[in-house]
Structures are given as C-alpha cells and as structure tokens.
Amino acid sequence: MPQIPQKLSDYMVYVAGTNSQLGNGDVTLPSFEAMTSEVGGGGIYGGLEIPTPGMFGPQTFSIAFNTISKDVLSMMGPDVVKLEMFASQQSWDTGQSKIVNEGLKVVAWGLAKNLELGTLTKNDSTGTTLEFELTYIKIFISGTAIFELDKLNYIYRINGKDANIDIRKNLGMA
C-alpha cells in the first residue's frame with residue numbers, strides 16, 4: 001500500500017569509515033541544476049533548453065556546527081572530506097494504518113571552500129558553518145542505492161541504471 005512521507009525523525013553525520021560523530025546542527029544538501037544548451041532550428045517551434053544528463057553546475061553542501069571544534073578546523077585542509085549521513089525517515093503506511101521508518105544514507109565527498117566561524121555569544125551556539133564543493137554523492141534508501149553522481153569519473157546512476165555509460169565509452173573511459 002502507499003506510504004505518505006511525513007518527516008525526517010533524526011540524523012547523524014560521521015566522517016566516512018569512522019564512528020566519529022560530528023557534533024553539528026543542520027546539514028544543507030546540494031541542489032541539482034542541470035547544465036543546458038539552447039537548441040533551435042527547423043522542426044523545433046521556438047527554442048528548447050536541453051539538459052545534458054548527469055552534468056550539473058557547481059554544487060555545494062554545508063554543515064552548521066554548534067561550536068568551533070577540531071573537527072571543523074581539520075576539514076579545512078586540502079584533502080577531500082568524505083562524510084556519511086544516516087537518517088531515519090518517517091512515513092504513514094495507509095494500508096496498515098501505522099507509522100513506518102525507513103533508513104536514508106547520504107554519502108557526500110567535497111572540498112572545503114568556505115568556513116564561517118560564526119559569533120561568540122554567551123549561552124548560545126556559535127553558528128559555525130562549513131561549506132563544501134561537491135565532488136561525489138550517493139544516496140541510499142532502505143539500504144538500496146538510488147542515486148549516484150561522481151563528477152570526476154563521469155558516473156551518473158539512477159536506480160542502478162548507468163545513465164552515462166555511452167559517454168564514457170565514447171571518451172574511451174569504459
């Protein structure tokens with residue numbers, strides 16, 4: 001039976017491959033705006049902006065932290081930061097008339113590009129925010145890989161289907 005998505009119950013952020021949880025506030029995930037070119041001419045009534053599948057403009061994701069910490073400052077180095085975000089999403093199962101929870105996992109890699117240290121205010125968080133340039137993202141729902149984008153290796157998969165295999169073949173990469 002259909003499920004009605006309700007909310008994100010909770011989430012945790014870890015440096016990939018560790019059990020070191022980052023003490024953080026909100027995570028802002030990237031937007032996906034396809035790169036396009038305008039096509040016109042005979043047989044086309046006007047013009048069309050046609051996206052190139054898997055090719056997106058620059059993308060960022062950011063993490064807000066409650067305080068300035070060693071974790072935040074160490075991610076400002078020149079290395080790619082690999083993060084794993086685990087969440088529990090709540091839905092209403094209309095067939096069973098009950099709440100169900102499913103897992104969400106987002107793996108995101110990026111290069112730190114902007115650190116806002118925030119403010120020092122008595123009895124409050126600093127509002128520290130670290131922004132990354134996205135190089136890789138993979139999203140799992142209930143343990144199944146649903147979406148993967150690797151900007152440096154021409155990988156673009158949706159529901160397990162490799163949408164860019166022909167491009168990689170044409171470029172001698174597959």
# chains A, B, ... in the order shown; residues from 1 in each chain; ligands from 1
>>> closest_atom_pairs(of="segment 52-158 of chain A", to="segment 4-28 of chain A", cutoff="7 Å", atoms="only C-alpha atoms", output="CSV")
residue,atom,partner,partner_atom,distance
A:Phe61,CA,A:Thr28,CA,5.5
A:Ser62,CA,A:Thr28,CA,5.1
A:Ile63,CA,A:Val27,CA,4.5
A:Ala64,CA,A:Gly25,CA,4.8
A:Phe65,CA,A:Asn24,CA,4.0
A:Asn66,CA,A:Asn24,CA,5.6
A:Lys82,CA,A:Ala16,CA,5.3
A:Leu83,CA,A:Val15,CA,4.6
A:Glu84,CA,A:Tyr14,CA,5.2
A:Met85,CA,A:Val13,CA,4.5
A:Phe86,CA,A:Met12,CA,5.3
A:Ala87,CA,A:Tyr11,CA,4.0
A:Ser88,CA,A:Ser9,CA,5.5
A:Gln89,CA,A:Leu8,CA,4.4
A:Gln90,CA,A:Lys7,CA,5.3
A:Ser91,CA,A:Pro5,CA,4.2
A:Trp92,CA,A:Ile4,CA,5.0
A:Asp93,CA,A:Ile4,CA,6.6
>>> closest_residue(among="A:Glu133, A:Glu116, A:Asp124, A:Asp71", to="Ser31 of chain A", atoms="only C-alpha atoms")
A:Glu133
>>> closest_atom_pairs(of="segment 2-67 of chain A", to="segment 152-164 of chain A", cutoff="9 Å", atoms="only C-alpha atoms", output="CSV")
residue,atom,partner,partner_atom,distance
A:Pro53,CA,A:Ala163,CA,7.2
A:Gly54,CA,A:Tyr156,CA,5.4
A:Met55,CA,A:Tyr156,CA,8.6
>>> select_by_dssp(residues="chain A", states="strand (DSSP E)", output="PyMOL selection string")
chain A and resi 3-15+24-28+34-40+47-56+60-65+81-93+98-116+128-141+144-150+155-158+161-162
>>> select_by_dssp(residues="segment 4-158 of chain A", states="alpha helix (DSSP H)", output="VMD selection string")
chain A and resid 70 to 74
>>> residues_around(residues="Thr94 of chain A", least_positions_apart="5", cutoff="12 Å", atoms="only C-alpha atoms", output="list in words")
Met1, Pro2, Gln3, Ile4, Pro5, Ile99 and Val100 of chain A
>>> write_last_selection(atoms="N, CA, C and O atoms", output="mmCIF file, in the first residue's frame")
data_model
loop_
_atom_site.group_PDB
_atom_site.id
_atom_site.type_symbol
_atom_site.label_atom_id
_atom_site.label_comp_id
_atom_site.auth_asym_id
_atom_site.auth_seq_id
_atom_site.Cartn_x
_atom_site.Cartn_y
_atom_site.Cartn_z
ATOM 1 N N MET A 1 0.834 -1.180 0.000
ATOM 2 C CA MET A 1 0.000 0.000 0.000
ATOM 3 C C MET A 1 0.882 1.248 0.000
ATOM 4 O O MET A 1 2.015 1.208 0.434
ATOM 5 N N PRO A 2 0.322 2.345 -0.442
ATOM 6 C CA PRO A 2 1.103 3.582 -0.497
ATOM 7 C C PRO A 2 1.503 4.088 0.889
ATOM 8 O O PRO A 2 0.802 3.856 1.874
ATOM 9 N N GLN A 3 2.627 4.761 0.884
ATOM 10 C CA GLN A 3 3.077 5.412 2.105
ATOM 11 C C GLN A 3 3.068 6.919 1.877
ATOM 12 O O GLN A 3 3.413 7.388 0.794
ATOM 13 N N ILE A 4 2.704 7.648 2.904
ATOM 14 C CA ILE A 4 2.706 9.109 2.840
ATOM 15 C C ILE A 4 3.922 9.593 3.624
ATOM 16 O O ILE A 4 3.973 9.451 4.852
ATOM 17 N N PRO A 5 4.943 10.125 2.923
ATOM 18 C CA PRO A 5 6.124 10.628 3.631
ATOM 19 C C PRO A 5 5.734 11.751 4.584
ATOM 20 O O PRO A 5 4.926 12.615 4.249
ATOM 21 N N ILE A 99 2.677 4.131 11.545
ATOM 22 C CA ILE A 99 3.911 4.833 11.215
ATOM 23 C C ILE A 99 4.985 3.798 10.892
ATOM 24 O O ILE A 99 5.124 2.800 11.589
ATOM 25 N N VAL A 100 5.727 4.045 9.824
ATOM 26 C CA VAL A 100 6.868 3.205 9.475
ATOM 27 C C VAL A 100 8.093 4.104 9.308
ATOM 28 O O VAL A 100 7.978 5.285 8.970
#
>>> atom_distance(atom1="atom CA of Thr60 of chain A", atom2="atom CA of Tyr136 of chain A")
10.7 Å
>>> atom_distance(atom1="atom CA of Glu49 of chain A", atom2="atom CA of Asp166 of chain A")
21.5 Å
>>> atom_distance(atom1="atom CA of Gly110 of chain A", atom2="atom CA of Leu73 of chain A")
14.9 Å
>>> closest_residue(among="A:Gln59, A:Ser97, A:Thr67, A:Ser74", to="Phe132 of chain A", atoms="only C-alpha atoms")
A:Gln59
>>> residues_around(residues="Thr119 of chain A", least_positions_apart="3", cutoff="8 Å", atoms="only C-alpha atoms", output="list in words")
Thr126, Gly127 and Thr128 of chain A
>>> write_last_selection(atoms="N, CA, C and O atoms", output="compact mmCIF listing (two decimals), in the first residue's frame")
# COMPACT_ATOMS: atom_id res chain seq x y z
N THR A 126 27.69 28.87 18.29
CA THR A 126 28.46 29.85 17.50
C THR A 126 27.87 30.07 16.12
O THR A 126 28.13 31.08 15.50
N GLY A 127 27.10 29.09 15.62
CA GLY A 127 26.57 29.22 14.27
C GLY A 127 27.65 29.01 13.21
O GLY A 127 27.56 29.52 12.11
N THR A 128 28.65 28.22 13.55
CA THR A 128 29.74 27.93 12.63
C THR A 128 29.21 27.11 11.46
O THR A 128 28.44 26.17 11.66
